[in-house]
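Have a look at final-v9.txt; it's compact mmCIF, C-alpha atoms:
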```
# COMPACT_ATOMS: atom_id res chain seq x y z
CA MET I 1 45.76 95.23 80.02
CA LYS I 2 44.25 93.68 83.13
CA LYS I 3 40.84 95.03 82.15
CA ASP I 4 41.17 93.47 78.68
CA LEU I 5 42.11 90.08 80.06
CA LEU I 6 39.28 90.04 82.58
CA GLY I 7 36.59 90.62 79.96
CA GLY I 8 36.31 94.39 79.63
CA ASP I 9 35.67 96.13 76.32
CA SER I 10 39.09 96.40 74.74
CA GLY I 11 37.99 98.39 71.75
CA GLU I 12 40.65 96.59 69.73
CA ALA I 13 40.38 94.88 66.37
CA ASP I 14 39.41 91.21 66.13
CA LYS I 15 43.00 90.18 65.59
CA GLU I 16 44.08 91.75 68.86
CA LYS I 17 41.19 90.05 70.66
CA GLU I 18 42.39 86.70 69.30
CA ILE I 19 45.86 87.39 70.68
CA LEU I 20 44.37 88.15 74.08
CA GLU I 21 42.51 84.84 74.02
CA LYS I 22 45.87 83.04 73.77
CA SER I 23 47.78 85.25 76.20
CA GLY I 24 48.03 86.03 79.89
CA LEU I 25 49.34 88.91 81.93
CA LEU I 26 52.40 88.58 84.14
CA ASP I 27 52.00 90.66 87.29
CA LEU I 28 55.43 90.59 88.97
CA GLU I 29 56.34 91.57 92.52
CA ILE I 30 59.96 91.75 93.72
CA LYS I 31 60.84 91.05 97.35
CA ALA I 32 64.49 91.60 98.20
CA GLN I 33 66.46 92.11 101.38
CA LYS I 34 70.08 92.56 102.29
CA GLU I 35 71.92 89.85 104.14
CA ALA I 36 72.04 90.00 107.93
CA ALA I 37 74.78 92.01 109.61
CA LEU I 38 77.64 90.06 111.17
CA LEU I 39 77.71 89.55 114.91
CA GLY I 40 79.40 92.40 116.73
CA THR I 41 79.09 94.79 113.79
CA LYS I 42 76.62 97.49 112.98
CA GLY I 43 74.60 96.79 109.88
CA ASP I 44 72.61 99.30 107.89
CA GLU I 45 69.50 100.51 109.69
CA ASP I 46 67.54 99.70 106.55
CA ASP I 47 68.21 96.09 105.57
CA SER I 48 66.01 96.26 102.47
CA LEU I 49 67.07 96.85 98.88
CA ASN I 50 65.56 99.15 96.28
CA ASN I 51 63.35 96.78 94.31
CA GLU I 52 62.92 99.37 91.56
CA GLU I 53 66.59 98.98 90.55
CA PHE I 54 66.50 95.23 89.85
CA ALA I 55 66.96 94.17 86.21
CA ILE I 56 64.26 91.77 84.96
CA SER I 57 64.68 88.94 82.44
CA ILE I 58 61.82 86.76 81.17
CA LEU I 59 62.92 83.41 79.69
CA ASP I 60 60.78 80.88 77.85
CA SER I 61 60.74 77.11 78.49
CA LEU I 62 63.86 76.71 76.30
CA GLY I 63 65.79 79.29 78.30
CA GLN I 64 65.66 81.90 75.52
CA LEU I 65 65.22 85.56 76.44
CA VAL I 66 61.69 86.79 75.72
CA LYS I 67 61.80 90.21 77.36
CA TYR I 68 64.36 92.26 79.27
CA TYR I 69 63.86 95.34 81.43
CA GLU I 70 66.78 97.37 82.69
CA SER I 71 64.83 97.96 85.89
CA TYR I 72 61.73 96.77 87.67
CA ALA I 73 60.58 100.39 87.58
CA ASP I 74 60.48 100.24 83.75
CA MET I 75 58.37 97.08 83.89
CA ARG I 76 55.94 98.65 86.33
CA LYS I 77 55.43 101.56 83.95
CA ASP I 78 54.03 99.07 81.42
CA GLY I 79 51.55 97.81 84.02
CA GLY I 80 52.63 94.18 83.51
CA LEU I 81 53.78 92.02 80.63
CA LEU I 82 51.45 90.27 78.17
CA LEU I 83 52.80 86.80 77.28
CA PRO I 84 51.61 83.86 75.14
CA ILE I 85 50.37 80.84 77.05
CA GLY I 86 53.30 78.73 78.27
CA ARG I 87 55.97 78.16 80.90
CA TYR I 88 58.40 80.93 81.79
CA THR I 89 61.18 81.76 84.24
CA VAL I 90 61.37 85.22 85.76
CA LYS I 91 64.83 86.35 86.84
CA ALA I 92 65.61 89.48 88.82
CA SER I 93 69.12 90.70 89.64
CA LEU I 94 70.93 93.66 91.14
CA GLY I 95 74.66 94.19 90.66
CA GLU I 96 77.20 92.25 88.63
CA ASP I 97 78.15 88.65 89.35
CA VAL I 98 81.90 89.21 89.02
CA THR I 99 84.40 86.38 89.41
CA ALA I 100 85.98 87.99 92.48
CA GLY I 101 85.92 91.53 93.79
CA TYR I 102 85.63 93.81 96.81
CA ASP I 103 82.42 95.48 97.97
CA ILE I 104 80.48 94.08 94.97
CA PRO I 105 77.44 92.18 96.28
CA TYR I 106 75.20 90.46 93.74
CA TYR I 107 71.53 89.91 94.57
CA ALA I 108 69.33 87.66 92.47
CA GLY I 109 66.33 85.37 92.43
CA ASP I 110 64.25 83.44 89.91
CA THR I 111 60.73 82.02 89.81
CA ALA I 112 59.14 79.54 87.40
CA CYS I 113 55.54 80.21 86.39
CA PHE I 114 52.84 79.18 83.91
CA ILE I 115 50.93 81.81 81.95
CA SER I 116 47.30 80.87 81.30
CA GLY I 117 45.00 82.41 78.72
CA LYS I 118 43.01 85.48 79.74
CA GLU I 119 44.39 85.41 83.29
CA VAL I 120 46.49 87.71 85.41
CA VAL I 121 49.28 85.56 86.87
CA LYS I 122 50.71 86.95 90.11
CA VAL I 123 54.42 86.06 90.52
CA VAL I 124 56.51 86.93 93.57
CA THR I 125 60.28 86.67 93.09
CA GLU I 126 62.37 86.72 96.25
CA CYS I 127 65.93 87.95 95.83
CA LYS I 128 68.86 87.56 98.20
CA LEU I 129 72.65 87.63 98.20
CA ASN I 130 73.74 85.33 95.38
CA ASN I 131 77.53 85.46 95.54
CA LYS I 132 79.84 84.45 98.37
CA LYS I 133 80.44 87.16 100.96
CA VAL I 134 83.48 86.15 103.03
CA THR I 135 84.58 87.97 106.18
CA PHE I 136 87.60 87.01 108.29
CA GLN I 137 87.70 87.58 112.05
CA PRO I 138 91.01 86.85 113.83
CA THR I 139 90.69 86.17 117.55
CA GLY I 140 92.83 87.61 120.31
CA ASN I 141 94.58 84.28 120.69
CA PHE I 142 95.47 84.33 116.98
CA GLU I 143 96.98 87.79 117.35
CA LYS I 144 99.02 86.66 120.36
CA ASN I 145 100.71 84.03 118.21
CA PHE I 146 101.18 85.94 114.95
CA LYS I 147 102.21 89.37 113.76
CA ASP I 148 99.54 91.58 112.23
CA ASP I 149 101.16 91.58 108.77
CA TYR I 150 99.42 88.35 107.73
CA THR I 151 98.02 87.85 104.22
CA ILE I 152 94.93 85.84 103.24
CA VAL I 153 94.44 84.70 99.64
CA LEU I 154 90.87 83.61 98.75
CA ASP I 155 90.32 81.36 95.71
CA ASN I 156 87.09 80.19 94.05
CA GLY I 157 88.72 78.32 91.17
CA LEU I 158 88.30 81.17 88.69
CA GLY I 159 89.81 84.11 90.51
CA VAL I 160 91.58 85.13 93.72
CA LEU I 161 91.38 87.98 96.21
CA THR I 162 94.16 88.99 98.57
CA THR I 163 93.31 90.66 101.87
CA THR I 164 95.26 91.84 104.92
CA LYS I 165 94.46 92.98 108.46
CA GLU I 166 94.41 96.59 107.31
CA ASP I 167 91.98 95.90 104.46
CA SER I 168 88.47 96.91 105.55
CA ARG I 169 86.81 95.90 102.28
CA THR I 170 84.46 92.93 102.05
CA ALA I 171 85.32 90.08 99.69
CA TYR I 172 82.70 88.76 97.25
CA LEU I 173 83.27 85.75 94.99
CA LYS I 174 81.21 84.04 92.32
CA ASN I 175 79.61 80.78 93.40
CA THR I 176 81.68 78.19 91.53
CA GLY I 177 81.44 75.23 93.90
CA SER I 178 85.04 75.88 94.94
CA LEU I 179 86.13 77.95 97.93
CA SER I 180 89.51 77.85 99.66
CA PHE I 181 92.05 80.19 101.16
CA VAL I 182 95.75 80.26 102.01
CA LEU I 183 96.94 82.05 105.12
CA TYR I 184 100.48 83.48 105.15
CA VAL I 185 101.60 84.48 108.66
CA THR I 186 104.73 85.18 110.68
CA THR I 187 105.16 84.36 114.35
CA HIS I 188 106.55 86.98 116.70
CA ASP I 189 109.94 85.31 116.52
CA ASN I 190 109.96 85.94 112.74
CA LYS I 191 109.18 82.42 111.54
CA PRO I 192 106.93 82.36 108.44
CA HIS I 193 104.19 79.75 108.17
CA THR I 194 101.58 78.86 105.57
CA TYR I 195 98.15 77.31 106.11
CA SER I 196 95.94 75.95 103.31
CA ILE I 197 92.23 75.54 104.03
CA ASP I 198 89.72 74.07 101.54
CA LEU I 199 86.05 74.67 102.39
CA SER I 200 84.65 73.18 99.17
CA SER I 201 83.68 69.80 100.60
CA ASN I 202 81.19 71.21 103.11
CA ASP I 203 77.67 71.19 101.63
CA SER I 204 76.37 73.81 104.06
CA ILE I 205 79.08 76.28 103.10
CA GLN I 206 78.19 75.68 99.46
CA SER I 207 74.50 76.37 100.14
CA TYR I 208 74.82 79.63 102.10
CA ASN I 209 76.52 82.82 101.04
CA ASN I 210 77.13 85.04 104.10
CA VAL I 211 80.25 83.38 105.52
CA LEU I 212 82.14 84.46 108.65
CA ILE I 213 85.51 82.76 109.24
CA ALA I 214 87.10 83.10 112.66
CA LEU I 215 90.83 82.35 112.86
CA ASP I 216 91.95 81.02 116.21
CA VAL I 217 94.83 79.15 117.83
CA PRO I 218 93.76 76.46 120.31
CA GLU I 219 95.26 76.56 123.77
CA GLN I 220 98.33 74.40 124.30
CA SER I 221 97.55 71.25 126.24
CA GLY I 222 99.77 69.80 128.97
CA GLY I 223 101.09 71.10 132.24
CA ASP I 224 103.92 73.45 133.03
CA PRO I 225 107.12 71.72 131.97
CA GLY I 226 109.30 74.30 133.70
CA GLU I 227 109.68 72.40 136.97
CA PRO I 228 110.08 68.61 136.58
CA GLU I 229 108.40 66.39 139.11
CA GLU I 230 110.49 64.55 141.69
CA PRO I 231 111.05 60.98 140.41
CA ASP I 232 109.93 58.01 142.46
CA ASP I 233 112.66 56.20 144.32
CA PRO I 234 114.03 53.74 141.78
CA ASN I 235 114.96 50.22 142.80
CA ASN I 236 118.16 50.61 140.87
CA PRO I 237 119.44 54.20 140.79
CA ASP I 238 121.84 53.29 138.01
CA GLU I 239 118.94 52.37 135.73
CA PRO I 240 116.17 54.91 136.30
CA GLU I 241 112.76 54.26 134.81
CA ALA I 242 111.87 56.12 131.65
CA PRO I 243 109.56 59.07 132.32
CA ASP I 244 105.92 58.71 131.30
CA ASP I 245 106.15 61.77 129.06
CA PRO I 246 109.62 61.97 127.52
CA ASP I 247 108.63 64.85 125.22
CA PRO I 248 106.48 67.29 127.19
CA LEU I 249 105.04 70.20 125.24
CA PRO I 250 107.29 73.23 125.39
CA ASP I 251 105.74 76.37 126.75
CA PRO I 252 107.65 79.24 125.18
CA GLU I 253 105.85 82.52 124.62
CA TYR I 254 106.19 81.99 120.89
CA PRO I 255 106.23 78.33 119.80
CA VAL I 256 109.04 77.14 117.58
CA ALA I 257 106.76 74.81 115.60
CA ALA I 258 103.92 76.23 113.53
CA PRO I 259 100.92 76.70 115.85
CA THR I 260 97.83 74.77 114.82
CA ILE I 261 95.13 76.98 113.33
CA LYS I 262 91.53 76.48 114.43
CA VAL I 263 89.06 77.56 111.74
CA ASP I 264 85.52 78.34 112.91
CA VAL I 265 82.94 78.98 110.18
CA SER I 266 79.57 80.63 110.84
CA LEU I 267 76.85 80.98 108.21
CA ILE I 268 74.90 84.16 108.96
CA GLU I 269 71.25 84.05 107.93
CA LYS I 270 68.43 86.49 108.66
CA ASP I 271 67.00 84.80 111.74
CA TYR I 272 69.58 82.19 112.64
CA ILE I 273 73.24 81.19 112.49
CA ILE I 274 74.65 77.86 111.37
CA GLU I 275 77.88 76.93 113.14
CA ILE I 276 80.16 74.61 111.15
CA PRO I 277 82.29 72.25 113.29
CA SER I 278 85.79 73.63 113.77
CA SER I 279 88.63 72.36 111.63
CA PHE I 280 92.23 72.24 112.84
CA VAL I 281 94.96 72.94 110.30
CA GLU I 282 98.65 72.28 110.71
CA GLY I 283 100.95 74.93 109.30
CA GLU I 284 103.76 74.50 106.83
CA THR I 285 107.10 76.15 107.47
CA PRO I 286 108.50 77.57 104.21
CA SER I 287 112.11 77.17 105.34
CA ASP I 288 113.68 73.73 105.67
CA PRO I 289 116.07 73.55 108.68
CA GLU I 290 117.91 70.61 107.11
CA GLN I 291 118.87 72.66 104.05
CA PRO I 292 121.86 75.03 104.09
CA GLU I 293 121.13 78.69 104.55
CA ASN I 294 120.57 80.86 101.53
CA PRO I 295 124.07 82.11 100.71
CA GLY I 296 122.62 85.45 99.66
CA GLY I 297 121.03 86.08 103.04
CA ASN I 298 122.57 87.70 106.06
CA GLU I 299 122.62 86.14 109.50
CA GLY I 300 119.34 86.84 111.25
CA ASP I 301 117.44 87.58 108.05
CA ASN I 302 115.69 84.20 108.24
CA PRO I 303 115.68 83.68 104.43
CA THR I 304 113.18 81.21 102.98
CA THR I 305 113.90 78.64 100.33
CA GLN I 306 110.28 78.25 99.26
CA LYS I 307 110.05 78.68 95.50
CA PRO I 308 107.53 80.70 93.53
CA THR I 309 105.25 78.49 91.44
CA ILE I 310 103.09 78.68 88.32
CA THR I 311 99.81 76.84 87.79
CA GLY I 312 97.11 76.90 85.13
CA LYS I 313 93.32 76.65 85.27
CA LEU I 314 90.96 76.11 82.34
CA ASN I 315 87.31 76.81 83.15
CA GLY I 316 88.06 76.42 86.84
CA LYS I 317 90.01 73.14 86.58
CA VAL I 318 93.77 72.82 87.06
CA PHE I 319 95.57 71.49 83.98
CA ASP I 320 99.00 70.05 83.26
CA LEU I 321 101.23 72.92 82.11
CA SER I 322 103.31 70.57 79.96
CA LYS I 323 100.33 69.49 77.84
CA PRO I 324 98.58 71.61 75.16
CA GLN I 325 95.02 72.64 76.00
CA THR I 326 92.20 72.99 73.48
CA VAL I 327 90.15 76.13 74.06
CA THR I 328 87.35 78.18 72.50
CA SER I 329 86.74 81.91 72.36
CA SER I 330 84.60 81.66 75.51
CA SER I 331 87.10 79.66 77.58
CA GLN I 332 88.27 81.01 80.95
CA VAL I 333 92.04 80.60 81.24
CA ILE I 334 93.92 81.74 84.34
CA ILE I 335 97.67 81.59 84.96
CA GLY I 336 98.18 81.25 88.70
CA MET I 337 101.36 82.53 90.34
CA ASP I 338 102.42 82.15 93.96
CA PHE I 339 105.05 84.47 95.46
CA PRO I 340 105.91 83.37 99.03
CA THR I 341 108.33 86.25 99.68
CA GLY I 342 107.21 88.88 97.18
CA ALA I 343 107.32 89.16 93.39
CA THR I 344 110.31 90.81 91.72
CA MET I 345 109.69 89.76 88.11
CA VAL I 346 106.68 88.67 86.05
CA ASN I 347 107.29 88.38 82.29
CA VAL I 348 104.92 86.80 79.78
CA ASP I 349 105.97 86.26 76.15
CA VAL I 350 102.84 85.88 74.05
CA ALA I 351 102.79 84.27 70.59
CA VAL I 352 99.26 84.37 69.18
CA GLY I 353 99.38 83.32 65.53
CA ARG I 354 101.67 85.82 63.86
CA VAL I 355 101.39 88.35 66.68
CA GLU I 356 104.19 88.29 69.24
CA MET I 357 104.57 90.50 72.29
CA SER I 358 106.71 90.50 75.42
CA ILE I 359 104.90 91.71 78.53
CA ASP I 360 106.64 92.91 81.68
CA LEU I 361 103.76 93.17 84.16
CA PHE I 362 105.72 95.62 86.32
CA ASN I 363 106.68 97.91 83.45
CA LEU I 364 104.02 97.98 80.73
CA SER I 365 104.84 99.67 77.47
CA GLU I 366 102.27 102.04 75.99
CA ASP I 367 101.34 99.64 73.17
CA ILE I 368 100.69 96.81 75.67
CA LYS I 369 98.48 98.76 78.09
CA PRO I 370 95.36 98.65 75.85
CA VAL I 371 95.76 94.88 75.47
CA LEU I 372 95.63 94.39 79.25
CA ALA I 373 92.90 96.95 79.91
CA GLY I 374 90.55 95.63 82.58
CA ILE I 375 93.01 93.00 83.87
CA LYS I 376 94.10 93.52 87.48
CA LEU I 377 97.90 93.52 87.61
CA PRO I 378 100.19 92.85 90.59
CA THR I 379 102.63 95.38 91.97
CA LYS I 380 106.30 94.73 92.54
CA GLY I 381 106.75 93.04 95.90
CA TYR I 382 103.30 91.44 95.73
CA LYS I 383 103.20 88.58 98.23
CA GLY I 384 100.92 85.55 97.94
CA LYS I 385 98.85 84.16 95.08
CA TYR I 386 98.05 86.13 91.95
CA SER I 387 95.77 85.15 89.05
CA PHE I 388 96.65 86.48 85.60
CA ASN I 389 93.42 86.10 83.66
CA ILE I 390 94.27 85.71 79.97
CA SER I 391 90.69 84.96 78.90
CA SER I 392 90.57 88.25 77.00
CA PHE I 393 93.17 86.77 74.63
CA MET I 394 90.85 83.91 73.63
CA SER I 395 89.15 85.90 70.86
CA MET I 396 92.58 86.68 69.37
CA LEU I 397 93.87 83.12 69.21
CA ASP I 398 95.07 81.36 66.08
CA THR I 399 95.41 77.59 65.69
CA ASN I 400 98.55 77.31 67.83
CA ASN I 401 99.35 79.82 70.58
CA THR I 402 101.86 79.98 73.41
CA PHE I 403 102.29 81.96 76.62
CA HIS I 404 105.82 81.67 78.04
CA VAL I 405 105.73 82.74 81.70
CA MET I 406 108.80 83.66 83.78
CA ILE I 407 108.55 84.72 87.42
CA LYS I 408 111.03 85.50 90.20
CA ASP I 409 110.54 85.89 93.93
CA ALA I 410 112.35 88.12 96.43
CA ASN I 411 114.35 85.11 97.61
CA GLY I 412 115.99 84.88 94.16
CA GLN I 413 114.11 81.71 93.23
CA GLU I 414 112.55 81.44 89.76
CA ASP I 415 109.97 79.42 87.87
CA GLU I 416 108.98 79.35 84.22
CA CYS I 417 106.77 77.40 81.86
CA THR I 418 105.24 77.53 78.38
CA ILE I 419 101.47 77.21 78.15
CA THR I 420 100.22 76.05 74.75
CA LEU I 421 96.62 76.71 73.71
CA LEU I 422 95.10 75.12 70.64
CA THR I 423 91.93 76.06 68.80
CA LYS I 424 89.90 73.90 66.44
```
Represent the structure from my file as structure tokens, please.
Amino acid sequence: MKKDLLGGDSGEADKEKEILEKSGLLDLEIKAQKEAALLGTKGDEDDSLNNEEFAISILDSLGQLVKYYESYADMRKDGGLLLPIGRYTVKASLGEDVTAGYDIPYYAGDTACFISGKEVVKVVTECKLNNKKVTFQPTGNFEKNFKDDYTIVLDNGLGVLTTTKEDSRTAYLKNTGSLSFVLYVTTHDNKPHTYSIDLSSNDSIQSYNNVLIALDVPEQSGGDPGEPEEPDDPNNPDEPEAPDDPDPLPDPEYPVAAPTIKVDVSLIEKDYIIEIPSSFVEGETPSDPEQPENPGGNEGDNPTTQKPTITGKLNGKVFDLSKPQTVTSSSQVIIGMDFPTGATMVNVDVAVGRVEMSIDLFNLSEDIKPVLAGIKLPTKGYKGKYSFNISSFMSMLDTNNTFHVMIKDANGQEDECTITLLTK
């Protein structure tokens, strides 16, 4: 092909020569590398990727697919791609850009180019990590304040991932413009606390994908309150002066109040690291000391009165559960559920047109299993946030459809709602 375009004797018919006059040859080169290893960890000795495995898509100026190769190796076998004169976008990708998953990196890159007549156009497409890789790194000070049974729930607006200290897998999430996490922890004196951290507003975090999050607890300020200072001699001993610090910070080994969490974010690039200024997050205590104890709990059990909750998201945006939502067959609909103390019941009654089914997510009947194939389900006792993705139901919807959701937590608290979806 290159020889034809550069003026060699093609030996083709006149019609083919006319096509060559109005065409150019795309000569594509893929350059791809893995992301840098995190500090203090051993990365792969070879930080490159196999370029031959990248899928190739060629799109015209309208964004329509012109040519697709399952691998760069297949494209190389053709010696290049002959294209009519015009503007094109070359896209290369490796892996699947899933909503949220473990150990599923997605590498991609795209390059715009213009194909000229009777020319070989050299295009170099650089590919790098294209979904969010999030790694958590608790510090020693964090571990001094909290037990090691903490749970972290990552959320990108379309899906969630739940990780623990024992989970060695790496979290990857689709770039949606939304990134937050909720930290569920327990102090060593058995007091549960919850911390909510939203990273979405930071432009740098949105622009880079290899994210390291260190969880720390800042040192307590103030002196040792154990031994009070000798007061100055008052003029009137019956009316002593008020101390300068009437409420000194307590210094117990395990604080009664929720310790403040310090969140340090580092963006790990190939040759440099971007440090995001630390954020300090106050914790929420699930139990309310002003409320009476849970009558079902035993003394010392430290029962919580925090309720499980249900939320809904349509195409990444939270919607009002009490209002019907208009959807299409391609809509992404997620029912969010939060179980502070562990799930004991998740039931969903589905009414799609004339089809009705009752789904117990902890005890699926044989006729329901095929319907939920591919949907990750929670296990009984699941603690934290869970996303029930009902997008696969969208192609089955009739004009008026309902999903009645009933959940119960280990503390005996319940929540329920009816989600109504309308189609045009």
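Between Glu96 of chain I and the candidates I:Leu25, I:Ile359, I:Leu212, I:Leu173, the tightest atom-to-atom separation, counting all atoms listed in the file, involves I:Leu173.
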(request) Give the answer as one residue: which of I:Ile197, I:Leu421, I:Ile273, I:Leu397 has the shortest atom-to-atom distance to Lys323 of chain I, using all atoms listed in the file? (result) I:Leu421
(message) Need to verify the contact set: Ala410 of chain I, 12 Å, only C-alpha atoms, exclusion of same-chain residues closer than 3 positions in sequence. Can you return it as a VMD selection string?
(response) chain I and resid 296 to 297 303 to 308 338 to 346 380 to 384 407 413 to 414
(request) Excluding segment 70-84 of chain I and any residue of its chain fewer than 3 positions from it, enumerate the residues within 6 Å of it, using only C-alpha atoms, and give them as a ChimeraX atom specification. (result) /I:22-27,52-55
(message) With distances taken over all atoms listed in the file, which residue among I:Phe362, I:Ile274, I:Thr399, I:Lys369 lies nearest Ser204 of chain I?
(response) I:Ile274
Would you pick out the contacts of segment 354-358 of chain I at 10 Å or less, using all atoms listed in the file, so that residues sharing its chain but fewer than 3 positions from it are not included, and give the list as a tab-separated table (two decimals) with C-alpha atoms, in the coordinates of the input?
```tsv
chain	number	residue	atom	x	y	z
I	347	ASN	CA	107.29	88.38	82.29
I	348	VAL	CA	104.92	86.80	79.78
I	349	ASP	CA	105.97	86.26	76.15
I	350	VAL	CA	102.84	85.88	74.05
I	351	ALA	CA	102.79	84.27	70.59
I	361	LEU	CA	103.76	93.17	84.16
I	364	LEU	CA	104.02	97.98	80.73
I	365	SER	CA	104.84	99.67	77.47
I	367	ASP	CA	101.34	99.64	73.17
I	368	ILE	CA	100.69	96.81	75.67
I	396	MET	CA	92.58	86.68	69.37
I	397	LEU	CA	93.87	83.12	69.21
I	398	ASP	CA	95.07	81.36	66.08
I	400	ASN	CA	98.55	77.31	67.83
I	401	ASN	CA	99.35	79.82	70.58
I	402	THR	CA	101.86	79.98	73.41
I	403	PHE	CA	102.29	81.96	76.62
I	404	HIS	CA	105.82	81.67	78.04
```
Within 10 Å of Val318 of chain I, counting only C-alpha atoms, which residues qualify if same-chain residues fewer than 6 places away don't, as a compact mmCIF listing (two decimals) with C-alpha atoms, in the frame of the given file?
```
# COMPACT_ATOMS: atom_id res chain seq x y z
CA GLY I 157 88.72 78.32 91.17
CA THR I 311 99.81 76.84 87.79
CA GLY I 312 97.11 76.90 85.13
CA VAL I 333 92.04 80.60 81.24
CA ILE I 334 93.92 81.74 84.34
CA ILE I 335 97.67 81.59 84.96
CA GLY I 336 98.18 81.25 88.70
```
(request) Can you pull out every residue within 9 Å of Glu284 of chain I, counting only C-alpha atoms, but drop anything in the same chain fewer than 6 positions away, and send it as number ranges by chain? (result) I: 192-196, 258
(request) Just give me the gap between atom CA of Asn190 of chain I and atom CA of Leu154 of chain I in Å, one decimal is fine. (result) 23.8 Å
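Considering the residues I:Val98, I:Cys113, I:Lys128, I:Ile213 and counting all atoms listed in the file, Ile152 of chain I has its shortest atom-to-atom contact with I:Ile213.
Among the candidates I:Lys67, I:Lys191, I:Lys165, I:Lys132, the one nearest to Tyr106 of chain I when counting only C-alpha atoms is I:Lys132.
The gap separating atom CA of Leu129 of chain I from atom CA of Ile56 of chain I is 16.2 Å, in Å to one decimal.
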